[in-house]
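Shown next: my_file32.pdb, given as PDB, C-alpha atoms.
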```pdb
ATOM      1  CA  MET W 166     -18.302  20.412  14.947
ATOM      2  CA  PRO W 167     -16.416  18.772  17.845
ATOM      3  CA  TRP W 168     -13.230  18.137  15.857
ATOM      4  CA  LYS W 169     -12.801  21.883  15.339
ATOM      5  CA  THR W 170     -11.959  22.197  19.044
ATOM      6  CA  TRP W 171      -9.371  19.410  18.965
ATOM      7  CA  SER W 172      -5.701  20.104  19.512
ATOM      8  CA  THR W 173      -3.215  19.796  16.649
ATOM      9  CA  GLU W 174      -1.900  16.558  18.136
ATOM     10  CA  ARG W 175      -5.341  15.004  18.424
ATOM     11  CA  VAL W 176      -6.223  15.939  14.838
ATOM     12  CA  GLY W 177      -2.932  14.461  13.611
ATOM     13  CA  ILE W 178      -3.495  11.189  15.454
ATOM     14  CA  ALA W 179      -7.036  10.941  14.063
ATOM     15  CA  LEU W 180      -5.787  11.562  10.523
ATOM     16  CA  ALA W 181      -3.041   8.936  10.882
ATOM     17  CA  ILE W 182      -5.587   6.389  12.116
ATOM     18  CA  LEU W 183      -7.902   7.205   9.208
ATOM     19  CA  ALA W 184      -5.026   6.753   6.746
ATOM     20  CA  ALA W 185      -4.086   3.378   8.233
ATOM     21  CA  PHE W 186      -7.739   2.346   8.153
ATOM     22  CA  GLY W 187      -8.163   3.362   4.518
ATOM     23  CA  PHE W 188      -5.003   1.651   3.292
ATOM     24  CA  SER W 189      -5.763  -1.524   5.246
ATOM     25  CA  PHE W 190      -9.310  -1.781   3.838
ATOM     26  CA  LYS W 191      -8.150  -2.091   0.223
ATOM     27  CA  ALA W 192      -7.720  -5.858   0.449
ATOM     28  CA  ILE W 193     -11.198  -6.150   1.979
ATOM     29  CA  PHE W 194     -12.749  -4.283  -0.951
ATOM     30  CA  VAL W 195     -10.883  -6.500  -3.439
ATOM     31  CA  LYS W 196     -12.046  -9.705  -1.756
ATOM     32  CA  LEU W 197     -15.641  -8.406  -1.552
ATOM     33  CA  ALA W 198     -15.559  -7.568  -5.275
ATOM     34  CA  TYR W 199     -14.268 -11.040  -6.126
ATOM     35  CA  ALA W 200     -17.083 -12.535  -4.053
ATOM     36  CA  ALA W 201     -19.724 -10.332  -5.720
ATOM     37  CA  ALA W 202     -18.981 -11.405  -9.305
ATOM     38  CA  PRO W 203     -16.420 -13.337 -11.405
ATOM     39  CA  VAL W 204     -14.420 -10.185 -12.155
ATOM     40  CA  ASP W 205     -10.750 -10.583 -13.130
ATOM     41  CA  ALA W 206      -7.847  -8.700 -11.547
ATOM     42  CA  VAL W 207      -7.116  -6.482 -14.572
ATOM     43  CA  THR W 208     -10.722  -5.316 -14.896
ATOM     44  CA  LEU W 209     -11.036  -4.625 -11.172
ATOM     45  CA  LEU W 210      -7.800  -2.632 -11.113
ATOM     46  CA  THR W 211      -8.967  -0.715 -14.202
ATOM     47  CA  LEU W 212     -12.164   0.275 -12.404
ATOM     48  CA  ARG W 213     -10.238   1.360  -9.325
ATOM     49  CA  MET W 214      -7.741   3.517 -11.223
ATOM     50  CA  THR W 215     -10.410   5.008 -13.498
ATOM     51  CA  PHE W 216     -12.504   6.063 -10.507
ATOM     52  CA  ALA W 217      -9.396   7.613  -8.918
ATOM     53  CA  LEU W 218      -8.466   9.503 -12.092
ATOM     54  CA  PRO W 219     -10.751  12.585 -11.672
ATOM     55  CA  VAL W 220      -9.367  13.335  -8.209
ATOM     56  CA  ALA W 221      -5.799  12.883  -9.426
ATOM     57  CA  LEU W 222      -6.447  15.268 -12.314
ATOM     58  CA  TRP W 223      -7.971  17.825  -9.951
ATOM     59  CA  VAL W 224      -4.923  17.672  -7.660
ATOM     60  CA  CYS W 225      -2.529  18.070 -10.590
ATOM     61  CA  LEU W 226      -4.412  21.062 -11.989
ATOM     62  CA  SER W 227      -4.825  22.760  -8.608
ATOM     63  CA  LEU W 228      -1.105  22.456  -7.806
ATOM     64  CA  ARG W 229       0.187  23.278 -11.288
ATOM     65  CA  ARG W 230       0.437  27.050 -10.829
ATOM     66  CA  SER W 231       2.376  26.910  -7.563
ATOM     67  CA  ALA W 232       4.639  23.994  -8.553
ATOM     68  CA  PRO W 233       7.772  23.957 -10.723
ATOM     69  CA  PRO W 234       7.290  22.728 -14.310
ATOM     70  CA  LEU W 235       8.014  19.075 -14.975
ATOM     71  CA  THR W 236      11.280  18.310 -16.749
ATOM     72  CA  ARG W 237      12.004  15.397 -19.053
ATOM     73  CA  LYS W 238      13.834  13.721 -16.178
ATOM     74  CA  ASP W 239      10.784  14.192 -13.937
ATOM     75  CA  TRP W 240       8.547  12.504 -16.506
ATOM     76  CA  GLY W 241      11.006   9.651 -16.962
ATOM     77  CA  ARG W 242      11.086   9.070 -13.220
ATOM     78  CA  LEU W 243       7.304   9.318 -12.951
ATOM     79  CA  ILE W 244       6.739   6.802 -15.733
ATOM     80  CA  ALA W 245       9.167   4.325 -14.194
ATOM     81  CA  LEU W 246       7.697   4.719 -10.710
ATOM     82  CA  GLY W 247       4.112   4.656 -11.960
ATOM     83  CA  LEU W 248       4.791   1.350 -13.700
ATOM     84  CA  LEU W 249       6.370  -0.067 -10.539
ATOM     85  CA  GLY W 250       3.855   1.235  -8.025
ATOM     86  CA  TYR W 251       0.146   1.761  -8.596
ATOM     87  CA  TYR W 252       0.239  -0.378 -11.758
ATOM     88  CA  GLY W 253       2.893  -3.097 -11.431
ATOM     89  CA  ALA W 254       2.715  -3.764  -7.708
ATOM     90  CA  SER W 255      -1.075  -3.373  -7.723
ATOM     91  CA  ILE W 256      -1.781  -5.881 -10.486
ATOM     92  CA  LEU W 257       0.450  -8.459  -8.806
ATOM     93  CA  ASP W 258      -1.322  -7.804  -5.526
ATOM     94  CA  PHE W 259      -4.805  -8.092  -7.050
ATOM     95  CA  ILE W 260      -3.856 -11.413  -8.651
ATOM     96  CA  GLY W 261      -2.451 -12.672  -5.355
ATOM     97  CA  LEU W 262      -5.668 -11.792  -3.515
ATOM     98  CA  GLN W 263      -7.499 -14.291  -5.713
ATOM     99  CA  TYR W 264      -5.644 -17.023  -3.806
ATOM    100  CA  ILE W 265      -4.877 -15.909  -0.238
ATOM    101  CA  SER W 266      -6.605 -14.211   2.674
ATOM    102  CA  ALA W 267      -6.683 -10.443   3.087
ATOM    103  CA  GLY W 268      -4.816 -10.770   6.390
ATOM    104  CA  LEU W 269      -1.863 -12.679   4.930
ATOM    105  CA  GLU W 270      -1.759 -10.322   1.933
ATOM    106  CA  ARG W 271      -1.491  -7.245   4.154
ATOM    107  CA  LEU W 272       1.267  -8.788   6.276
ATOM    108  CA  ILE W 273       3.335  -9.720   3.214
ATOM    109  CA  LEU W 274       2.916  -6.248   1.713
ATOM    110  CA  PHE W 275       3.764  -4.652   5.034
ATOM    111  CA  ILE W 276       7.322  -6.041   4.975
ATOM    112  CA  TYR W 277       8.310  -3.855   2.020
ATOM    113  CA  PRO W 278      10.636  -1.692   4.212
ATOM    114  CA  THR W 279      12.678  -4.809   5.004
ATOM    115  CA  ILE W 280      12.814  -5.632   1.283
ATOM    116  CA  THR W 281      14.136  -2.118   0.677
ATOM    117  CA  VAL W 282      16.919  -2.884   3.173
ATOM    118  CA  LEU W 283      17.766  -6.127   1.340
ATOM    119  CA  ILE W 284      17.812  -4.329  -2.017
ATOM    120  CA  GLY W 285      20.294  -1.841  -0.576
ATOM    121  CA  VAL W 286      22.522  -4.661   0.675
ATOM    122  CA  LEU W 287      22.363  -6.856  -2.423
ATOM    123  CA  ALA W 288      22.310  -4.221  -5.183
ATOM    124  CA  MET W 289      24.044  -1.211  -3.666
ATOM    125  CA  GLY W 290      26.658  -2.793  -1.450
ATOM    126  CA  LYS W 291      25.259  -1.339   1.768
ATOM    127  CA  ARG W 292      26.203  -2.834   5.083
ATOM    128  CA  LEU W 293      23.604  -4.845   7.001
ATOM    129  CA  GLU W 294      23.469  -3.615  10.603
ATOM    130  CA  ARG W 295      22.538  -5.677  13.635
ATOM    131  CA  ARG W 296      19.272  -3.809  14.094
ATOM    132  CA  GLN W 297      18.358  -4.559  10.483
ATOM    133  CA  VAL W 298      19.260  -8.236  10.906
ATOM    134  CA  GLY W 299      16.931  -8.379  13.917
ATOM    135  CA  ALA W 300      14.194  -6.636  11.938
ATOM    136  CA  LEU W 301      14.540  -9.095   9.064
ATOM    137  CA  LEU W 302      14.443 -12.104  11.383
ATOM    138  CA  LEU W 303      11.369 -10.828  13.208
ATOM    139  CA  SER W 304       9.508  -9.898  10.020
ATOM    140  CA  TYR W 305      10.096 -13.110   8.128
ATOM    141  CA  ALA W 306       9.463 -15.289  11.174
ATOM    142  CA  GLY W 307       6.139 -13.488  11.473
ATOM    143  CA  ILE W 308       5.339 -14.097   7.822
ATOM    144  CA  GLY W 309       6.191 -17.762   8.365
ATOM    145  CA  LEU W 310       3.672 -18.017  11.217
ATOM    146  CA  ALA W 311       0.937 -16.244   9.268
ATOM    147  CA  PHE W 312       1.730 -18.355   6.210
ATOM    148  CA  SER W 313       1.454 -21.595   8.222
ATOM    149  CA  HIS W 314      -1.956 -20.445   9.460
ATOM    150  CA  ASP W 315      -3.222 -19.963   5.891
ATOM    151  CA  LEU W 316      -1.806 -23.326   4.828
ATOM    152  CA  GLN W 317      -3.656 -25.061   7.671
ATOM    153  CA  VAL W 318      -7.053 -23.523   6.906
ATOM    154  CA  ALA W 319      -6.809 -23.523   3.094
ATOM    155  CA  ASP W 320      -8.492 -26.157   0.946
ATOM    156  CA  ASP W 321      -5.671 -25.913  -1.607
ATOM    157  CA  SER W 322      -2.143 -25.336  -0.268
ATOM    158  CA  ASN W 323      -0.826 -24.760  -3.786
ATOM    159  CA  ALA W 324      -3.180 -21.794  -4.130
ATOM    160  CA  VAL W 325      -1.690 -20.269  -0.970
ATOM    161  CA  LEU W 326       1.817 -20.713  -2.373
ATOM    162  CA  ILE W 327       0.834 -19.093  -5.678
ATOM    163  CA  GLY W 328      -0.959 -16.197  -4.019
ATOM    164  CA  ALA W 329       1.850 -15.541  -1.553
ATOM    165  CA  ALA W 330       4.375 -15.530  -4.408
ATOM    166  CA  PHE W 331       2.369 -12.924  -6.338
ATOM    167  CA  VAL W 332       1.930 -10.695  -3.276
ATOM    168  CA  PHE W 333       5.610 -10.996  -2.354
ATOM    169  CA  ALA W 334       6.480  -9.944  -5.921
ATOM    170  CA  SER W 335       4.108  -7.016  -5.376
ATOM    171  CA  ALA W 336       5.967  -6.086  -2.182
ATOM    172  CA  VAL W 337       9.296  -6.172  -4.070
ATOM    173  CA  SER W 338       7.863  -3.946  -6.802
ATOM    174  CA  TYR W 339       6.505  -1.535  -4.207
ATOM    175  CA  ALA W 340       9.834  -1.490  -2.345
ATOM    176  CA  LEU W 341      11.551  -0.429  -5.576
ATOM    177  CA  TYR W 342       8.848   2.188  -6.118
ATOM    178  CA  SER W 343       9.180   3.473  -2.560
ATOM    179  CA  ALA W 344      12.965   3.762  -2.798
ATOM    180  CA  GLY W 345      12.738   5.720  -6.039
ATOM    181  CA  ALA W 346       9.840   7.844  -4.800
ATOM    182  CA  GLU W 347      12.031   9.596  -2.230
ATOM    183  CA  ILE W 348      13.736  11.763  -4.858
ATOM    184  CA  ALA W 349      10.475  12.540  -6.641
ATOM    185  CA  VAL W 350       8.680  13.448  -3.397
ATOM    186  CA  HIS W 351      11.439  15.876  -2.420
ATOM    187  CA  ARG W 352      11.160  17.636  -5.779
ATOM    188  CA  LEU W 353       7.413  17.474  -6.468
ATOM    189  CA  GLY W 354       5.813  17.185  -3.031
ATOM    190  CA  THR W 355       3.805  14.283  -1.657
ATOM    191  CA  LEU W 356       0.380  15.119  -3.098
ATOM    192  CA  ARG W 357       1.567  16.180  -6.549
ATOM    193  CA  PHE W 358       3.796  13.141  -6.898
ATOM    194  CA  ALA W 359       1.023  10.775  -5.801
ATOM    195  CA  ALA W 360      -1.438  12.351  -8.234
ATOM    196  CA  LEU W 361       0.983  12.194 -11.151
ATOM    197  CA  ALA W 362       1.900   8.594 -10.315
ATOM    198  CA  ILE W 363      -1.813   7.715 -10.339
ATOM    199  CA  LEU W 364      -2.170   9.325 -13.785
ATOM    200  CA  VAL W 365       0.714   7.281 -15.200
ATOM    201  CA  SER W 366      -0.526   4.089 -13.575
ATOM    202  CA  THR W 367      -4.068   4.648 -14.835
ATOM    203  CA  VAL W 368      -2.841   4.905 -18.425
ATOM    204  CA  ALA W 369      -0.717   1.748 -18.008
ATOM    205  CA  THR W 370      -3.637  -0.140 -16.454
ATOM    206  CA  GLN W 371      -6.047   0.887 -19.195
ATOM    207  CA  LEU W 372      -3.574  -0.137 -21.895
ATOM    208  CA  HIS W 373      -3.188  -3.508 -20.166
ATOM    209  CA  PHE W 374      -6.961  -3.877 -20.109
ATOM    210  CA  LEU W 375      -7.350  -2.978 -23.800
ATOM    211  CA  ALA W 376      -4.640  -5.492 -24.747
ATOM    212  CA  THR W 377      -6.047  -8.400 -22.744
ATOM    213  CA  GLN W 378      -9.779  -7.917 -22.121
ATOM    214  CA  PRO W 379     -12.877  -7.194 -24.229
ATOM    215  CA  PHE W 380     -14.837  -3.997 -23.498
ATOM    216  CA  SER W 381     -17.697  -6.191 -22.299
ATOM    217  CA  ALA W 382     -15.578  -7.071 -19.241
ATOM    218  CA  LEU W 383     -16.385  -3.604 -17.900
ATOM    219  CA  ILE W 384     -20.053  -4.565 -17.650
ATOM    220  CA  GLN W 385     -20.235  -5.670 -14.037
ATOM    221  CA  PRO W 386     -22.890  -5.850 -11.320
ATOM    222  CA  ALA W 387     -23.444  -2.702  -9.274
ATOM    223  CA  PRO W 388     -21.568  -4.033  -6.192
ATOM    224  CA  VAL W 389     -18.351  -4.387  -8.224
ATOM    225  CA  TYR W 390     -18.583  -0.737  -9.330
ATOM    226  CA  ALA W 391     -19.267   0.251  -5.722
ATOM    227  CA  TYR W 392     -16.233  -1.625  -4.415
ATOM    228  CA  GLY W 393     -14.062  -0.215  -7.213
ATOM    229  CA  ALA W 394     -15.168   3.328  -6.363
ATOM    230  CA  ALA W 395     -14.648   2.686  -2.641
ATOM    231  CA  MET W 396     -11.123   1.452  -3.324
ATOM    232  CA  ALA W 397     -10.381   4.518  -5.434
ATOM    233  CA  LEU W 398     -11.670   7.025  -2.905
ATOM    234  CA  PHE W 399     -11.332   5.472   0.533
ATOM    235  CA  SER W 400      -8.268   3.254  -0.014
ATOM    236  CA  THR W 401      -6.269   5.211  -2.610
ATOM    237  CA  VAL W 402      -6.888   8.957  -2.766
ATOM    238  CA  LEU W 403      -8.145   9.984   0.685
ATOM    239  CA  PRO W 404      -5.483   8.087   2.688
ATOM    240  CA  VAL W 405      -2.749   9.953   0.799
ATOM    241  CA  PHE W 406      -4.317  13.270   1.864
ATOM    242  CA  TRP W 407      -4.906  12.074   5.418
ATOM    243  CA  GLN W 408      -1.377  10.769   5.801
ATOM    244  CA  SER W 409       0.211  13.885   4.375
ATOM    245  CA  ALA W 410      -1.821  16.013   6.790
ATOM    246  CA  ALA W 411      -0.949  13.710   9.699
ATOM    247  CA  VAL W 412       2.783  14.127   8.992
ATOM    248  CA  ARG W 413       2.349  17.913   9.126
ATOM    249  CA  HIS W 414       0.489  17.715  12.447
ATOM    250  CA  ILE W 415       2.403  15.069  14.406
ATOM    251  CA  GLY W 416       5.490  14.281  12.309
ATOM    252  CA  ALA W 417       6.478  11.264  10.252
ATOM    253  CA  ALA W 418       7.839   9.146  13.091
ATOM    254  CA  ARG W 419       4.525   9.059  14.979
ATOM    255  CA  THR W 420       2.573   8.624  11.747
ATOM    256  CA  VAL W 421       4.698   5.547  10.990
ATOM    257  CA  LEU W 422       3.990   4.125  14.433
ATOM    258  CA  ILE W 423       0.225   4.640  14.144
ATOM    259  CA  GLY W 424       0.309   3.152  10.650
ATOM    260  CA  THR W 425       1.316  -0.195  12.127
ATOM    261  CA  LEU W 426      -2.364  -0.608  13.004
ATOM    262  CA  GLY W 427      -2.944  -1.439   9.320
ATOM    263  CA  PRO W 428      -2.349  -5.213   9.266
ATOM    264  CA  ILE W 429      -4.267  -5.717  12.518
ATOM    265  CA  LEU W 430      -7.222  -3.803  11.071
ATOM    266  CA  THR W 431      -7.114  -5.936   7.906
ATOM    267  CA  ILE W 432      -7.094  -9.147   9.948
ATOM    268  CA  LEU W 433      -9.979  -7.848  12.098
ATOM    269  CA  PHE W 434     -12.176  -6.814   9.180
ATOM    270  CA  GLY W 435     -11.235  -9.928   7.224
ATOM    271  CA  TRP W 436     -12.683 -11.880  10.145
ATOM    272  CA  LEU W 437     -15.784  -9.669  10.493
ATOM    273  CA  LEU W 438     -16.677  -9.134   6.830
ATOM    274  CA  LEU W 439     -15.064 -12.046   4.967
ATOM    275  CA  SER W 440     -15.358 -14.766   7.625
ATOM    276  CA  GLU W 441     -11.597 -15.358   7.455
ATOM    277  CA  SER W 442     -10.356 -17.458  10.338
ATOM    278  CA  VAL W 443      -8.054 -15.972  12.960
ATOM    279  CA  SER W 444      -5.600 -17.984  15.039
ATOM    280  CA  PHE W 445      -2.982 -17.322  17.689
ATOM    281  CA  ALA W 446      -0.258 -18.151  15.153
ATOM    282  CA  GLN W 447      -1.570 -15.491  12.759
ATOM    283  CA  LEU W 448      -1.782 -12.841  15.483
ATOM    284  CA  ALA W 449       1.674 -13.758  16.777
ATOM    285  CA  GLY W 450       3.009 -13.538  13.232
ATOM    286  CA  ALA W 451       1.424 -10.114  12.826
ATOM    287  CA  GLY W 452       3.100  -8.972  16.034
ATOM    288  CA  LEU W 453       6.509 -10.132  14.827
ATOM    289  CA  VAL W 454       6.061  -8.435  11.439
ATOM    290  CA  LEU W 455       5.032  -5.166  13.095
ATOM    291  CA  ALA W 456       8.029  -5.320  15.440
ATOM    292  CA  GLY W 457      10.429  -5.900  12.559
ATOM    293  CA  VAL W 458       9.004  -3.107  10.427
ATOM    294  CA  TRP W 459       9.013  -0.775  13.437
ATOM    295  CA  LEU W 460      12.725  -1.456  13.961
ATOM    296  CA  VAL W 461      13.549  -0.593  10.356
ATOM    297  CA  SER W 462      11.280   2.471  10.238
ATOM    298  CA  ARG W 463      12.494   3.809  13.585
ATOM    299  CA  ARG W 464      16.116   3.550  12.523
ATOM    300  CA  LYS W 465      15.492   5.217   9.159
ATOM    301  CA  ALA W 466      13.443   8.034  10.663
ATOM    302  CA  ARG W 467      16.187   8.794  13.191
ATOM    303  CA  GLU W 468      18.873   8.822  10.477
ATOM    304  CA  GLU W 469      16.869  11.264   8.339
ATOM    305  CA  GLY W 470      15.944  13.678  11.103
ATOM    306  CA  GLY W 471      12.793  12.144  12.573
ATOM    307  CA  GLU W 472      10.071  14.732  12.067
ATOM    308  CA  ALA W 473      11.567  15.956   8.796
ATOM    309  CA  VAL W 474      11.588  12.479   7.252
ATOM    310  CA  CYS W 475      10.219  12.312   3.738
ATOM    311  CA  ALA W 476       6.726  11.037   2.994
ATOM    312  CA  GLN W 477       8.099   7.697   1.848
ATOM    313  CA  ASN W 478       8.908   6.750   5.400
ATOM    314  CA  ALA W 479       5.496   7.848   6.574
ATOM    315  CA  ARG W 480       3.830   5.125   4.518
ATOM    316  CA  PRO W 481       4.082   1.972   6.629
ATOM    317  CA  ALA W 482       0.881   0.684   5.035
ATOM    318  CA  SER W 483       1.099   0.266   1.297
ATOM    319  CA  PRO W 484      -1.526   2.242  -0.623
ATOM    320  CA  LEU W 485      -1.699  -0.467  -3.251
TER     321      LEU W 485
END
```

Same coordinates, now as structure tokens:
Amino acid sequence: MPWKTWSTERVGIALAILAAFGFSFKAIFVKLAYAAAPVDAVTLLTLRMTFALPVALWVCLSLRRSAPPLTRKDWGRLIALGLLGYYGASILDFIGLQYISAGLERLILFIYPTITVLIGVLAMGKRLERRQVGALLLSYAGIGLAFSHDLQVADDSNAVLIGAAFVFASAVSYALYSAGAEIAVHRLGTLRFAALAILVSTVATQLHFLATQPFSALIQPAPVYAYGAAMALFSTVLPVFWQSAAVRHIGAARTVLIGTLGPILTILFGWLLLSESVSFAQLAGAGLVLAGVWLVSRRKAREEGGEAVCAQNARPASPL
């Protein structure tokens, strides 16, 4: 096969692009599922996590022999992070996507590194640097432009406000998850941590489903199952593998940079597959958001040793 003759750098770049593509396509799959049938957010998330469960179990079992045993503190951290990440942030995101475009959703989620900065300033007493101020201004000005675009094309402006609020809450939840994941990733490794977090989140999602939905809600048309499986494989599990491999090949700093393709890809495929409108204001807003996130990510990568940065900083596109 041709890729077997590629250089390490070329393979790493290809893997990083694949990861960005997979993460960015999640919102497209969600919107396609909503269009295929009147499925609710909890049921759709349950399908996604259930389809991802076998792969997560396989990863956990395959890494168990070579990995240190989990302590009570590890499990406590995993439960907290699982509730924040693949469950909490995901359910808020899925609800938000019922109201807003895939492009706006991806841009709002993409600002989670700037939210992490704000959490550090407001909750931990950290100092806000000039570079971070510039990043915040760029990012939120970009969100404002993209938000104005959705308000102009939407039939119901209140729906846009509701959806944006849910997705922003998702970004806050994911920022908290991402900040806490750094310790867990250092101890457990990227793949093992991701697999265990998926296990915890799957249990939480299924309990949520059992408490709020009848079993009959799982009876859906074939396209909904297909989109749920595609989300589980192509937008949840595989991108984690691809991104982890990309970091090993080309380092975290370059993986972060390539990952900024994510929102642009979501906007492009939202236009191609969902007939979502695209305007200069939306594209300009995307550019500002990417510039702001790049400033934050570049600074953090340099502080933590660039190529040795933890996997948290190699995830510019949220896997939610």

- What residues come out when you apply the PyMOL selection byres ((chain W and resi 360) around 12) to this file, written as an MDAnalysis selection string? chainID W and resid 214 217:229 243 247 251 350 353:359 361:367 401:403 405:406

- Message: Would you compute the distance between CA of Leu448 (chain W) and CA of Ala206 (chain W)? Give it in Å to one decimal.
- Response: 28.0 Å

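What the PyMOL selection byres ((chain W and resi 302) around 12) picks from this file is Ile276, Thr279, Arg295, Arg296, Gln297, Val298, Gly299, Ala300, Leu301, Leu303, Ser304, Tyr305, Ala306, Gly307, Ile308, Gly309, Gly450, Leu453, Val454, Leu455, Ala456, Gly457, Val458, Leu460 and Val461 of chain W.
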
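Candidate residues W:Ala387, W:Leu212, W:Ile193, W:Leu235 were compared for distance to Gln371 (chain W), and the nearest is W:Leu212, using all atoms listed in the file.
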
- Message: So that I can check the surroundings of Ile423 (chain W), please list as a VMD selection string every protein, DNA and RNA residue that reaches within 8 Å of it, counting all atoms listed in the file and ignoring chain neighbours fewer than 2 positions away.
- Response: chain W and resid 178 181 to 182 185 419 to 421 425 to 426
